[in-house]
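To start, the structure itself, in structure tokens.
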Amino acid sequence: MLRANGLGSVAKLTLDGKEIEAPEGAPLVEVIKNSGLFISNLCYIDGLPPYAGCRTCIVEIEGARGYQLSCTTKVADGMVVTTNAPELRATRQAVLSLILSYHSDRCLTCHRIVKCKPGDTCLRDDAVTHRCLTCSKNYRCELQTTCEMLEMAGYEPWDGDGRTYYNLPQPPPDQANPFLEFDPQMCILCTRCVRACDEIRHTGAITLAGRGYSTRIAFGAGGPVHDSNCDFCGACIDVCPTATLMEHPNKWAATQTERWTPTTCLQCSVGCSLYLGTKRGRGVIVRPDTDANPVSRDQLCVRGRFHYDAVKDGARLQRPLIRRNGGHDAATWDEALEFAAARLAEVRERHGPQAIGFLGSPLATNEENYLVSKIARVVAGTNNVDSSAGPVVRAAAAGLRAAFGSAVLPADMLRLAQSKTILAVAPDLESSHNVAALRIKDAVVRNNARLIVISALRGELNDFADVWIQPAPGDEAAAAAALSAAVEEATGAAKGGRPAVPENLAGLAVAVELLAGAASDESRRPLSIVHGLPHLGAEQVRTVAAALANIAVACCAGEDAANALFLLPQEANAWGMLDAGVSPDLLPGYRSAGDEAARVEMERLWGAPLPAAGGLTFEQMAADGTLKALVVMNDNPLMLAPGRARVRQMLESLDFLAVIDSLPTDTANLAHVVLPDVAPWAKEGTTTSGDRRVLALNAAQAPQGEAQQGWRTLVALGRRLAERLQPGEIRMNYATCAEIMEEMAEVVPLYRDARHGMDSGGRQSALGGDGLGPKQAVRQDLPPVSPLSTNGGFVLTTGRTLYTSYEAAAVHADDADRLHREDAVRINPADAAALGISAGDPLVLRNASGELRARADITAAVQPRMLFVSLYYDGGAVCQLFAGDTPVAAVEIAKG
């Protein structure tokens, strides 16, 4: 993709006799490609400095001596360029033949290539061991295309000579990991992968090893790919011009991709845009969509690229199920929906509307969450609407409202890569929000940004930081409060006593100096403050959000404070869930459920009265004892909520539990009726990213079995329930998902410009108007925060990790972490030595709430007396050790 490199002037040039315009100073090779002309460029990566290794992009420029490389040539006004002269083609052929001498090229240069069939035996010689027609990259190989365009068939200047490729022993392919295959004998040493890994991903897992004829591409120290620091983002696959680097899953099926569908990754709140390639309705390959979300552009992480097939269709829910005869029996859709509506109506008649609850989810679409809120309030007549992910998100929103008068901020993640000073507060942003962390790395590497990281756990982002403030686990709020007070004092924004500073909090003074410098020195701005929200600890989240808001107000002028602060939920659609009113205290559009004027307005929009009684949060539903029926849309509280024993007891005590999901989760296994949803990659609708982009979800995969779109299930259930309860003239007859969004756009001004078929990736409307955007930027008085006391015992923490699939973990799949890097208890080397624990030893963690078993992973990434277990490990097993709203849990550890 052509970038103007910041130059505003336009140059006129003549390209093969045709006059065109292009940004002056732009790389000529990109201008040629964007004009629609073919130009071979086997080593060039758009947007990166030229490598000039393949030498096949030569052109003739009037007035220049000899042929010029178009990759190193910048566009100038009046330039006359020729790309198609016969002499140029002959020179390109000669250069390409040298490149082919290191590649299995007999088929690429054979005059019979157009006549070969996949099953043919090569009639030319017995040296051919690799053929285009038996290559997994056939017809999507850039080297193959280049040979065809340059008419290399029959071009054999070295015929009869000994060939490098066929005379040297070739190394075997590396197929030992589940994600990426590396076949060095297919390599032409273009070094695209080396530069993509280093200059685009800032990882440096790939390098050039050896010298002369022995030069080769290597991962890490030259061993298997999975032993290197590769994080399997797949950027190297995207740029590789041959079959050297390929996806391992569905490698052969992907050669027969039938359809490419643009959609959005739902693995975190960055909302990366991608294309899913399908064959017979099933996903077989993923590529970045560079035209939708500008934050992700051409990058994905391992979850977005490879987790599309983490659960096969056979393991998903295929048909509606009703609990009877001691188990779940298959039922028809009509039977299951009638059963659900009848039981809900029965509970309401017997116990009243307050006995019914509804759970939405950040894993559901905006349209689905909107229907959950609508059905709960105007059909069932209750404000008991929440999610097991609700506490942390509501706490973060409350902190924003106190500072800015609104939870809806205009902060745009495009700002991250442009920033000069960045404060990141997250357990491990590289793992939880990988592409957001990548944009922070972009700022550090390309923009010389100064980075401050606050994290108890060491992550890859720490290697890029100027200062790492490492509080004890659970003391993140105390560290943020101490930093906030010090920054406000340094900038003169506020004066007063500082809160208690956690012991051994190194780096605080340097962090204050950097942030105060951003406040006073324009060259150190823009400032960005990023909080990757944890999964647990809502009260601490509110304190951290307030502290970071104070820093933004102290360091940024006026309205820019709201632009500088990013609160990124762990799950994909947490902000969209709140926008749609999935919260007991909020109606759609952040109207207060307790405000009479707001209820009157919603009654006008929805056509039926709304309940005035306050609603129950999920925690209150689990503890109150008054709940008799619950409808769950894509949520999985038995996996994601703390206090698993208490949650299970509540679910088992219900008179009726309905679950809409694509997976047989632990929660679904307790349900009286299970209604099968489609897989995430088959969903249609929209989702809202952490920086409030409305992103399109297009049904890329076919539904499994009899599963149907979740919004259709909700519409059918809502219609049947309304027929029984007769709440009023309520619209519940949506024929398409687009009709739901059209109504939502009228009810929620943030979605005023959101329509199905829109360009995905646009920011939400009304960020500065309609009363939903920031109204102020004021500092807050923080509540007293004291460092946690652990009495010297072990402290357990948890959070999102990079490789473990939510879907696979939800069904307790053994390969939820296909690399098995995260299915363990992380323990510090000093603690392991003291307890006589070796790597891989079975361990047991216990406290009054439960126990967890896992192997030992000895690593300095955790502090002494700190333990870490992935949130998704074994279906969220770690959550049983957390009793309530606390970011850490005290545990005992022993060998298992």
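We name chains A, B, ... following the order of the structure tokens; residues begin at 1 in each chain, and ligands are numbered from 1 as shown.
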Q. If you count only C-alpha atoms, which residues fall within 6 Å of region 602-619 of chain A, apart from same-chain ones fewer than 6 positions away, as a list of chain:residue names?
A.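 My reading of the contact set: A:Arg377, A:Val378, A:Gly381, A:Thr382, A:Asn383, A:Asn384, A:Asp386, A:Pro584, A:Gly728, A:Glu729, A:Ile730.
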Could you save those same residues with N, CA, C and O atoms as a PDB file, in the first residue's frame?
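Now in part.pdb:
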```pdb
ATOM      1  N   ARG A 377     -36.164  -5.998  29.897  1.00  0.00           N
ATOM      2  CA  ARG A 377     -36.811  -4.840  30.509  1.00  0.00           C
ATOM      3  C   ARG A 377     -38.274  -4.665  30.096  1.00  0.00           C
ATOM      4  O   ARG A 377     -39.120  -4.367  30.945  1.00  0.00           O
ATOM      5  N   VAL A 378     -38.579  -4.816  28.817  1.00  0.00           N
ATOM      6  CA  VAL A 378     -39.956  -4.527  28.406  1.00  0.00           C
ATOM      7  C   VAL A 378     -40.789  -5.773  28.144  1.00  0.00           C
ATOM      8  O   VAL A 378     -42.006  -5.671  27.983  1.00  0.00           O
ATOM      9  N   GLY A 381     -39.848  -7.560  32.152  1.00  0.00           N
ATOM     10  CA  GLY A 381     -40.147  -6.531  33.151  1.00  0.00           C
ATOM     11  C   GLY A 381     -39.172  -6.455  34.297  1.00  0.00           C
ATOM     12  O   GLY A 381     -39.561  -6.159  35.432  1.00  0.00           O
ATOM     13  N   THR A 382     -37.864  -6.692  34.018  1.00  0.00           N
ATOM     14  CA  THR A 382     -36.868  -6.668  35.085  1.00  0.00           C
ATOM     15  C   THR A 382     -35.625  -5.917  34.648  1.00  0.00           C
ATOM     16  O   THR A 382     -35.274  -5.914  33.458  1.00  0.00           O
ATOM     17  N   ASN A 383     -34.963  -5.291  35.596  1.00  0.00           N
ATOM     18  CA  ASN A 383     -33.663  -4.663  35.358  1.00  0.00           C
ATOM     19  C   ASN A 383     -32.509  -5.575  35.766  1.00  0.00           C
ATOM     20  O   ASN A 383     -31.357  -5.133  35.827  1.00  0.00           O
ATOM     21  N   ASN A 384     -32.809  -6.848  36.023  1.00  0.00           N
ATOM     22  CA  ASN A 384     -31.760  -7.806  36.371  1.00  0.00           C
ATOM     23  C   ASN A 384     -31.014  -8.217  35.096  1.00  0.00           C
ATOM     24  O   ASN A 384     -31.204  -9.303  34.553  1.00  0.00           O
ATOM     25  N   ASP A 386     -27.111  -8.250  33.413  1.00  0.00           N
ATOM     26  CA  ASP A 386     -25.690  -8.052  33.690  1.00  0.00           C
ATOM     27  C   ASP A 386     -24.891  -9.096  32.915  1.00  0.00           C
ATOM     28  O   ASP A 386     -25.404  -9.760  32.020  1.00  0.00           O
ATOM     29  N   PRO A 584     -27.394  -3.524  35.168  1.00  0.00           N
ATOM     30  CA  PRO A 584     -28.644  -3.297  35.906  1.00  0.00           C
ATOM     31  C   PRO A 584     -28.978  -1.829  36.129  1.00  0.00           C
ATOM     32  O   PRO A 584     -30.150  -1.484  36.309  1.00  0.00           O
ATOM     33  N   GLY A 728     -47.211  -5.065  25.931  1.00  0.00           N
ATOM     34  CA  GLY A 728     -47.531  -3.855  25.167  1.00  0.00           C
ATOM     35  C   GLY A 728     -47.165  -4.037  23.707  1.00  0.00           C
ATOM     36  O   GLY A 728     -46.840  -5.133  23.254  1.00  0.00           O
ATOM     37  N   GLU A 729     -47.223  -2.946  22.972  1.00  0.00           N
ATOM     38  CA  GLU A 729     -46.900  -2.979  21.536  1.00  0.00           C
ATOM     39  C   GLU A 729     -45.387  -2.881  21.352  1.00  0.00           C
ATOM     40  O   GLU A 729     -44.838  -1.815  21.126  1.00  0.00           O
ATOM     41  N   ILE A 730     -44.749  -4.011  21.446  1.00  0.00           N
ATOM     42  CA  ILE A 730     -43.284  -4.063  21.373  1.00  0.00           C
ATOM     43  C   ILE A 730     -42.870  -4.690  20.048  1.00  0.00           C
ATOM     44  O   ILE A 730     -43.393  -5.733  19.668  1.00  0.00           O
TER      45      ILE A 730
END
```
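All residues of protein, DNA or RNA that reach within 10 Å of Val748 (chain A), judged by only C-alpha atoms and not counting those fewer than 3 positions away in the chain, are Tyr370, Asp579, Ala580, Gly581, Leu587, Pro588, Gly589, Tyr590, Arg591, Met741, Glu743, Met744, Ala745, Tyr751, Arg752, Ser765, Ala766, Asp770 and Leu772 of chain A.
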Q. Any idea what's packed within 12 Å of Ile454 (chain A), counting only C-alpha atoms, ignoring anything in its chain fewer than 6 positions away? Could you give it as a PyMOL selection string?
A. chain A and resi 422-429+461-462+465-483+505-508+511+529-532+544+548
Please write the residues from the selection above to a file, keeping N, CA, C and O atoms, as a short mmCIF file (atom, residue, chain, number, x, y, z; two decimals), in the first residue's frame.
```
data_model
loop_
_atom_site.label_atom_id
_atom_site.label_comp_id
_atom_site.auth_asym_id
_atom_site.auth_seq_id
_atom_site.Cartn_x
_atom_site.Cartn_y
_atom_site.Cartn_z
N ILE A 422 4.49 7.33 26.73
CA ILE A 422 3.42 6.35 26.94
C ILE A 422 3.54 5.76 28.34
O ILE A 422 4.63 5.38 28.77
N LEU A 423 2.40 5.69 29.02
CA LEU A 423 2.29 4.99 30.30
C LEU A 423 1.37 3.80 30.09
O LEU A 423 0.22 3.98 29.69
N ALA A 424 1.86 2.59 30.31
CA ALA A 424 1.07 1.38 30.14
C ALA A 424 0.93 0.67 31.47
O ALA A 424 1.93 0.31 32.10
N VAL A 425 -0.32 0.47 31.89
CA VAL A 425 -0.61 -0.23 33.14
C VAL A 425 -1.41 -1.47 32.77
O VAL A 425 -2.56 -1.37 32.34
N ALA A 426 -0.81 -2.63 32.90
CA ALA A 426 -1.47 -3.87 32.50
C ALA A 426 -0.68 -5.05 33.06
O ALA A 426 0.54 -4.96 33.19
N PRO A 427 -1.37 -6.15 33.37
CA PRO A 427 -0.63 -7.34 33.82
C PRO A 427 0.37 -7.82 32.77
O PRO A 427 1.51 -8.12 33.08
N ASP A 428 -0.04 -7.89 31.50
CA ASP A 428 0.85 -8.27 30.40
C ASP A 428 0.14 -7.88 29.10
O ASP A 428 -0.57 -8.67 28.50
N LEU A 429 0.33 -6.63 28.68
CA LEU A 429 -0.39 -6.10 27.52
C LEU A 429 -0.03 -6.87 26.25
O LEU A 429 -0.87 -7.02 25.36
N LEU A 461 6.68 -6.43 26.60
CA LEU A 461 6.68 -4.98 26.46
C LEU A 461 7.69 -4.33 27.39
O LEU A 461 8.18 -3.23 27.12
N ASN A 462 8.02 -5.01 28.49
CA ASN A 462 8.99 -4.45 29.44
C ASN A 462 10.35 -4.24 28.80
O ASN A 462 11.11 -3.35 29.21
N ALA A 465 10.69 -0.71 27.57
CA ALA A 465 10.37 0.36 28.51
C ALA A 465 11.63 1.10 28.99
O ALA A 465 12.69 0.50 29.18
N ASP A 466 11.48 2.41 29.18
CA ASP A 466 12.52 3.20 29.85
C ASP A 466 12.54 2.92 31.34
O ASP A 466 13.60 2.95 31.97
N VAL A 467 11.36 2.68 31.88
CA VAL A 467 11.27 2.38 33.31
C VAL A 467 10.14 1.39 33.53
O VAL A 467 9.06 1.50 32.92
N TRP A 468 10.41 0.41 34.36
CA TRP A 468 9.41 -0.59 34.74
C TRP A 468 9.16 -0.47 36.23
O TRP A 468 10.04 -0.72 37.04
N ILE A 469 7.97 -0.03 36.57
CA ILE A 469 7.54 0.01 37.97
C ILE A 469 6.87 -1.32 38.27
O ILE A 469 5.84 -1.65 37.68
N GLN A 470 7.46 -2.08 39.18
CA GLN A 470 6.97 -3.43 39.46
C GLN A 470 6.41 -3.50 40.88
O GLN A 470 7.13 -3.81 41.82
N PRO A 471 5.13 -3.23 41.03
CA PRO A 471 4.54 -3.38 42.36
C PRO A 471 4.38 -4.85 42.72
O PRO A 471 4.42 -5.73 41.84
N ALA A 472 4.18 -5.12 43.98
CA ALA A 472 3.85 -6.48 44.39
C ALA A 472 2.48 -6.84 43.81
O ALA A 472 1.65 -5.96 43.57
N PRO A 473 2.20 -8.10 43.55
CA PRO A 473 0.89 -8.47 43.01
C PRO A 473 -0.24 -8.00 43.92
O PRO A 473 -0.21 -8.21 45.14
N GLY A 474 -1.20 -7.31 43.31
CA GLY A 474 -2.31 -6.74 44.07
C GLY A 474 -2.10 -5.30 44.47
O GLY A 474 -3.04 -4.64 44.93
N ASP A 475 -0.87 -4.78 44.28
CA ASP A 475 -0.56 -3.41 44.67
C ASP A 475 -0.55 -2.45 43.48
O ASP A 475 -0.04 -1.33 43.59
N GLU A 476 -1.12 -2.85 42.35
CA GLU A 476 -1.14 -1.98 41.18
C GLU A 476 -1.89 -0.68 41.45
O GLU A 476 -1.48 0.39 41.00
N ALA A 477 -3.00 -0.77 42.18
CA ALA A 477 -3.77 0.44 42.49
C ALA A 477 -2.96 1.38 43.38
O ALA A 477 -2.97 2.60 43.19
N ALA A 478 -2.25 0.82 44.35
CA ALA A 478 -1.42 1.65 45.22
C ALA A 478 -0.30 2.31 44.43
O ALA A 478 0.02 3.50 44.64
N ALA A 479 0.28 1.58 43.49
CA ALA A 479 1.35 2.16 42.66
C ALA A 479 0.81 3.26 41.77
O ALA A 479 1.43 4.32 41.62
N ALA A 480 -0.35 3.04 41.15
CA ALA A 480 -0.94 4.06 40.28
C ALA A 480 -1.32 5.30 41.08
O ALA A 480 -1.13 6.43 40.61
N ALA A 481 -1.85 5.10 42.29
CA ALA A 481 -2.22 6.24 43.13
C ALA A 481 -0.99 7.04 43.54
O ALA A 481 -1.00 8.28 43.54
N ALA A 482 0.10 6.34 43.88
CA ALA A 482 1.33 7.03 44.26
C ALA A 482 1.91 7.81 43.08
O ALA A 482 2.36 8.96 43.23
N LEU A 483 1.88 7.22 41.90
CA LEU A 483 2.38 7.90 40.71
C LEU A 483 1.52 9.11 40.38
O LEU A 483 2.03 10.18 40.04
N LEU A 505 9.33 0.24 45.50
CA LEU A 505 8.71 0.63 44.23
C LEU A 505 9.73 1.42 43.42
O LEU A 505 9.68 2.65 43.34
N ALA A 506 10.66 0.72 42.81
CA ALA A 506 11.72 1.37 42.06
C ALA A 506 11.17 1.99 40.79
O ALA A 506 10.21 1.50 40.20
N GLY A 507 11.78 3.07 40.36
CA GLY A 507 11.43 3.70 39.09
C GLY A 507 10.40 4.79 39.18
O GLY A 507 10.10 5.44 38.18
N LEU A 508 9.83 5.03 40.36
CA LEU A 508 8.77 6.03 40.48
C LEU A 508 9.27 7.42 40.12
O LEU A 508 8.60 8.16 39.38
N ALA A 511 9.71 7.82 36.37
CA ALA A 511 8.41 7.89 35.71
C ALA A 511 7.79 9.27 35.88
O ALA A 511 7.22 9.83 34.93
N ILE A 529 -1.95 7.09 27.64
CA ILE A 529 -2.02 6.33 28.88
C ILE A 529 -2.94 5.14 28.63
O ILE A 529 -4.11 5.31 28.30
N VAL A 530 -2.39 3.94 28.76
CA VAL A 530 -3.12 2.72 28.41
C VAL A 530 -3.29 1.86 29.66
O VAL A 530 -2.31 1.55 30.35
N HIS A 531 -4.54 1.48 29.91
CA HIS A 531 -4.81 0.54 31.01
C HIS A 531 -5.46 -0.71 30.42
O HIS A 531 -6.60 -0.67 29.97
N GLY A 532 -4.71 -1.80 30.40
CA GLY A 532 -5.28 -3.09 30.03
C GLY A 532 -6.01 -3.65 31.23
O GLY A 532 -5.38 -4.09 32.20
N VAL A 544 -7.51 2.62 39.89
CA VAL A 544 -6.50 2.80 38.85
C VAL A 544 -7.02 3.72 37.75
O VAL A 544 -6.30 4.62 37.28
N LEU A 548 -5.23 7.21 36.75
CA LEU A 548 -4.74 7.48 35.40
C LEU A 548 -5.45 8.69 34.78
O LEU A 548 -4.84 9.45 34.03
#
```
Using only C-alpha atoms, what table do you get, as a Markdown table, when you list each residue of region 641-690 of chain A with an atom no more than 10 Å from region 321-324 of chain A, its nearest pair of atoms, and their distance in Å rounded to one decimal, rows by chain then rising number?
```
| residue | atom | partner | partner_atom | distance |
| --- | --- | --- | --- | --- |
| A:Ala658 | CA | A:Ile322 | CA | 9.5 |
| A:Val659 | CA | A:Leu321 | CA | 10.0 |
| A:Ala668 | CA | A:Leu321 | CA | 9.9 |
| A:Asn669 | CA | A:Arg323 | CA | 9.2 |
| A:Leu670 | CA | A:Arg323 | CA | 8.7 |
| A:Ala671 | CA | A:Arg323 | CA | 7.2 |
| A:His672 | CA | A:Arg323 | CA | 4.9 |
| A:Val673 | CA | A:Ile322 | CA | 4.5 |
| A:Val674 | CA | A:Leu321 | CA | 5.0 |
| A:Leu675 | CA | A:Leu321 | CA | 6.7 |
| A:Pro676 | CA | A:Leu321 | CA | 8.3 |
```
Export of prior selection with all heavy atoms as a tab-separated table (two decimals), in the first residue's frame:
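again.tsv written:
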```
chain	number	residue	atom	x	y	z
A	658	ALA	N	-31.75	-21.11	30.95
A	658	ALA	CA	-31.64	-21.21	29.49
A	658	ALA	C	-30.30	-20.64	29.06
A	658	ALA	O	-29.91	-19.56	29.51
A	658	ALA	CB	-32.77	-20.45	28.81
A	659	VAL	N	-29.60	-21.35	28.19
A	659	VAL	CA	-28.28	-20.92	27.72
A	659	VAL	C	-28.29	-20.91	26.19
A	659	VAL	O	-28.69	-21.89	25.56
A	659	VAL	CB	-27.16	-21.85	28.24
A	659	VAL	CG1	-25.83	-21.50	27.58
A	659	VAL	CG2	-27.05	-21.74	29.76
A	668	ALA	N	-23.61	-24.30	30.19
A	668	ALA	CA	-24.63	-24.93	29.34
A	668	ALA	C	-24.98	-26.32	29.82
A	668	ALA	O	-26.14	-26.76	29.70
A	668	ALA	CB	-24.14	-24.97	27.90
A	669	ASN	N	-24.03	-27.04	30.40
A	669	ASN	CA	-24.30	-28.40	30.87
A	669	ASN	C	-25.28	-28.43	32.04
A	669	ASN	O	-25.85	-29.49	32.34
A	669	ASN	CB	-22.99	-29.09	31.25
A	669	ASN	CG	-22.13	-29.41	30.04
A	669	ASN	OD1	-22.64	-29.56	28.93
A	669	ASN	ND2	-20.83	-29.49	30.24
A	670	LEU	N	-25.48	-27.28	32.71
A	670	LEU	CA	-26.44	-27.21	33.82
A	670	LEU	C	-27.81	-26.72	33.37
A	670	LEU	O	-28.75	-26.71	34.17
A	670	LEU	CB	-25.91	-26.28	34.92
A	670	LEU	CG	-24.62	-26.70	35.64
A	670	LEU	CD1	-24.25	-25.66	36.68
A	670	LEU	CD2	-24.78	-28.07	36.29
A	671	ALA	N	-27.93	-26.31	32.11
A	671	ALA	CA	-29.14	-25.63	31.65
A	671	ALA	C	-30.31	-26.60	31.49
A	671	ALA	O	-30.14	-27.79	31.18
A	671	ALA	CB	-28.88	-24.93	30.33
A	672	HIS	N	-31.53	-26.06	31.68
A	672	HIS	CA	-32.75	-26.82	31.40
A	672	HIS	C	-33.04	-26.83	29.90
A	672	HIS	O	-33.65	-27.78	29.40
A	672	HIS	CB	-33.93	-26.21	32.17
A	672	HIS	CG	-33.77	-26.27	33.65
A	672	HIS	ND1	-33.14	-25.28	34.37
A	672	HIS	CD2	-34.15	-27.21	34.55
A	672	HIS	CE1	-33.14	-25.59	35.66
A	672	HIS	NE2	-33.74	-26.76	35.80
A	673	VAL	N	-32.62	-25.78	29.21
A	673	VAL	CA	-32.74	-25.76	27.76
A	673	VAL	C	-31.49	-25.09	27.20
A	673	VAL	O	-31.02	-24.07	27.72
A	673	VAL	CB	-34.02	-25.04	27.29
A	673	VAL	CG1	-34.03	-23.57	27.71
A	673	VAL	CG2	-34.20	-25.14	25.78
A	674	VAL	N	-30.94	-25.69	26.15
A	674	VAL	CA	-29.74	-25.15	25.49
A	674	VAL	C	-30.12	-24.86	24.04
A	674	VAL	O	-30.60	-25.75	23.33
A	674	VAL	CB	-28.57	-26.15	25.53
A	674	VAL	CG1	-27.34	-25.56	24.86
A	674	VAL	CG2	-28.26	-26.55	26.97
A	675	LEU	N	-29.88	-23.62	23.61
A	675	LEU	CA	-30.23	-23.18	22.27
A	675	LEU	C	-28.94	-22.90	21.51
A	675	LEU	O	-28.19	-21.98	21.88
A	675	LEU	CB	-31.12	-21.93	22.33
A	675	LEU	CG	-32.40	-22.12	23.18
A	675	LEU	CD1	-33.10	-20.79	23.39
A	675	LEU	CD2	-33.33	-23.11	22.51
A	676	PRO	N	-28.63	-23.67	20.47
A	676	PRO	CA	-27.31	-23.58	19.82
A	676	PRO	C	-27.13	-22.31	19.00
A	676	PRO	O	-27.91	-22.02	18.09
A	676	PRO	CB	-27.27	-24.82	18.92
A	676	PRO	CG	-28.70	-25.14	18.64
A	676	PRO	CD	-29.47	-24.73	19.87
```
Q. Among region 684-764 of chain A, which ones does DSSP place in helix (DSSP H, G or I), written as an MDAnalysis selection string?
A. chainID A and resid 710:725 737:747 749:751
**Q.** For Ala808 (chain A): contacts at 12 Å, only C-alpha atoms, fewer than 3 positions along chain excluded, given as a PyMOL selection string
**A.** chain A and resi 303+307-313+315-316+662-665+803-805+811-818+872-876
Q. Quick one: residues within 10 Å of Arg779 (chain A), only C-alpha atoms counted, chain neighbours fewer than 3 positions away excluded, as a PyMOL selection string?
A. chain A and resi 402-404+488+493-494+546-554+776+782
Please dump the current selection as a PDB file, in the first residue's frame; keep N, CA and C atoms.
```
ATOM      1  N   ALA A 402     -16.584   9.907  36.545  1.00  0.00           N
ATOM      2  CA  ALA A 402     -16.224  10.871  37.575  1.00  0.00           C
ATOM      3  C   ALA A 402     -15.248  11.917  37.050  1.00  0.00           C
ATOM      4  N   ALA A 403     -14.348  11.521  36.171  1.00  0.00           N
ATOM      5  CA  ALA A 403     -13.327  12.451  35.669  1.00  0.00           C
ATOM      6  C   ALA A 403     -13.826  13.267  34.494  1.00  0.00           C
ATOM      7  N   PHE A 404     -14.570  12.617  33.586  1.00  0.00           N
ATOM      8  CA  PHE A 404     -14.912  13.265  32.318  1.00  0.00           C
ATOM      9  C   PHE A 404     -16.410  13.467  32.114  1.00  0.00           C
ATOM     10  N   GLU A 488       0.957  14.893  39.878  1.00  0.00           N
ATOM     11  CA  GLU A 488       0.166  16.103  40.123  1.00  0.00           C
ATOM     12  C   GLU A 488       0.978  17.130  40.907  1.00  0.00           C
ATOM     13  N   ALA A 493      -0.578  20.474  39.442  1.00  0.00           N
ATOM     14  CA  ALA A 493      -2.020  20.274  39.267  1.00  0.00           C
ATOM     15  C   ALA A 493      -2.730  20.141  40.598  1.00  0.00           C
ATOM     16  N   ALA A 494      -2.046  19.642  41.588  1.00  0.00           N
ATOM     17  CA  ALA A 494      -2.639  19.481  42.920  1.00  0.00           C
ATOM     18  C   ALA A 494      -1.518  19.340  43.919  1.00  0.00           C
ATOM     19  N   ALA A 546      -9.243   6.060  38.013  1.00  0.00           N
ATOM     20  CA  ALA A 546      -9.267   7.433  38.537  1.00  0.00           C
ATOM     21  C   ALA A 546      -7.861   8.020  38.601  1.00  0.00           C
ATOM     22  N   ALA A 547      -6.892   7.226  39.026  1.00  0.00           N
ATOM     23  CA  ALA A 547      -5.508   7.713  39.117  1.00  0.00           C
ATOM     24  C   ALA A 547      -4.960   8.065  37.736  1.00  0.00           C
ATOM     25  N   LEU A 548      -5.235   7.211  36.747  1.00  0.00           N
ATOM     26  CA  LEU A 548      -4.739   7.483  35.397  1.00  0.00           C
ATOM     27  C   LEU A 548      -5.454   8.685  34.783  1.00  0.00           C
ATOM     28  N   ALA A 549      -6.725   8.851  35.104  1.00  0.00           N
ATOM     29  CA  ALA A 549      -7.444  10.040  34.633  1.00  0.00           C
ATOM     30  C   ALA A 549      -6.820  11.300  35.226  1.00  0.00           C
ATOM     31  N   ASN A 550      -6.441  11.236  36.495  1.00  0.00           N
ATOM     32  CA  ASN A 550      -5.774  12.388  37.115  1.00  0.00           C
ATOM     33  C   ASN A 550      -4.454  12.709  36.426  1.00  0.00           C
ATOM     34  N   ILE A 551      -3.702  11.682  36.046  1.00  0.00           N
ATOM     35  CA  ILE A 551      -2.445  11.916  35.341  1.00  0.00           C
ATOM     36  C   ILE A 551      -2.718  12.560  33.991  1.00  0.00           C
ATOM     37  N   ALA A 552      -3.751  12.063  33.287  1.00  0.00           N
ATOM     38  CA  ALA A 552      -4.098  12.646  31.992  1.00  0.00           C
ATOM     39  C   ALA A 552      -4.496  14.104  32.139  1.00  0.00           C
ATOM     40  N   VAL A 553      -5.287  14.417  33.154  1.00  0.00           N
ATOM     41  CA  VAL A 553      -5.720  15.801  33.371  1.00  0.00           C
ATOM     42  C   VAL A 553      -4.528  16.687  33.724  1.00  0.00           C
ATOM     43  N   ALA A 554      -3.594  16.139  34.509  1.00  0.00           N
ATOM     44  CA  ALA A 554      -2.437  16.925  34.924  1.00  0.00           C
ATOM     45  C   ALA A 554      -1.458  17.174  33.776  1.00  0.00           C
ATOM     46  N   GLN A 776     -16.212  17.225  30.728  1.00  0.00           N
ATOM     47  CA  GLN A 776     -15.303  17.914  31.645  1.00  0.00           C
ATOM     48  C   GLN A 776     -13.987  17.154  31.650  1.00  0.00           C
ATOM     49  N   LEU A 782      -8.768  10.463  45.248  1.00  0.00           N
ATOM     50  CA  LEU A 782      -8.709   9.011  45.256  1.00  0.00           C
ATOM     51  C   LEU A 782      -9.035   8.467  46.636  1.00  0.00           C
TER      52      LEU A 782
END
```
Q) Smallest atom-to-atom distance to Arg800 (chain A): which of A:Glu430, A:Asp666, A:Glu346, A:Asp781, using only C-alpha atoms? A)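 Among A:Glu430, A:Asp666, A:Glu346, A:Asp781, it is A:Glu430 that comes nearest to Arg800 (chain A).
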Find the residues around region 689-698 of chain A up to 6 Å (only C-alpha atoms counted), leave out those fewer than 2 positions away in its own chain, and share them as a short mmCIF file (atom, residue, chain, number, x, y, z; two decimals) with C-alpha atoms, in the first residue's frame.
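Listed below is the output, part_2.cif:
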```
data_model
loop_
_atom_site.label_atom_id
_atom_site.label_comp_id
_atom_site.auth_asym_id
_atom_site.auth_seq_id
_atom_site.Cartn_x
_atom_site.Cartn_y
_atom_site.Cartn_z
CA THR A 263 -14.92 -9.85 9.42
CA THR A 264 -13.52 -8.94 12.84
CA SER A 269 -10.98 -5.50 22.44
CA VAL A 270 -8.52 -4.27 19.80
CA GLY A 271 -10.90 -5.65 17.16
CA ASP A 412 -8.26 6.69 19.18
CA LEU A 568 -8.99 -1.64 27.13
CA GLU A 684 -23.31 -11.50 11.78
CA GLY A 685 -23.73 -8.06 13.30
CA THR A 686 -21.29 -5.58 14.82
CA THR A 687 -18.86 -5.33 17.70
CA ALA A 700 -17.76 -16.23 7.17
CA SER A 760 -16.04 -1.39 8.99
CA GLY A 761 -13.75 0.41 11.43
CA GLY A 762 -15.41 3.82 11.71
CA ARG A 763 -15.46 5.57 15.06
CA GLN A 764 -18.69 5.83 17.01
#
```
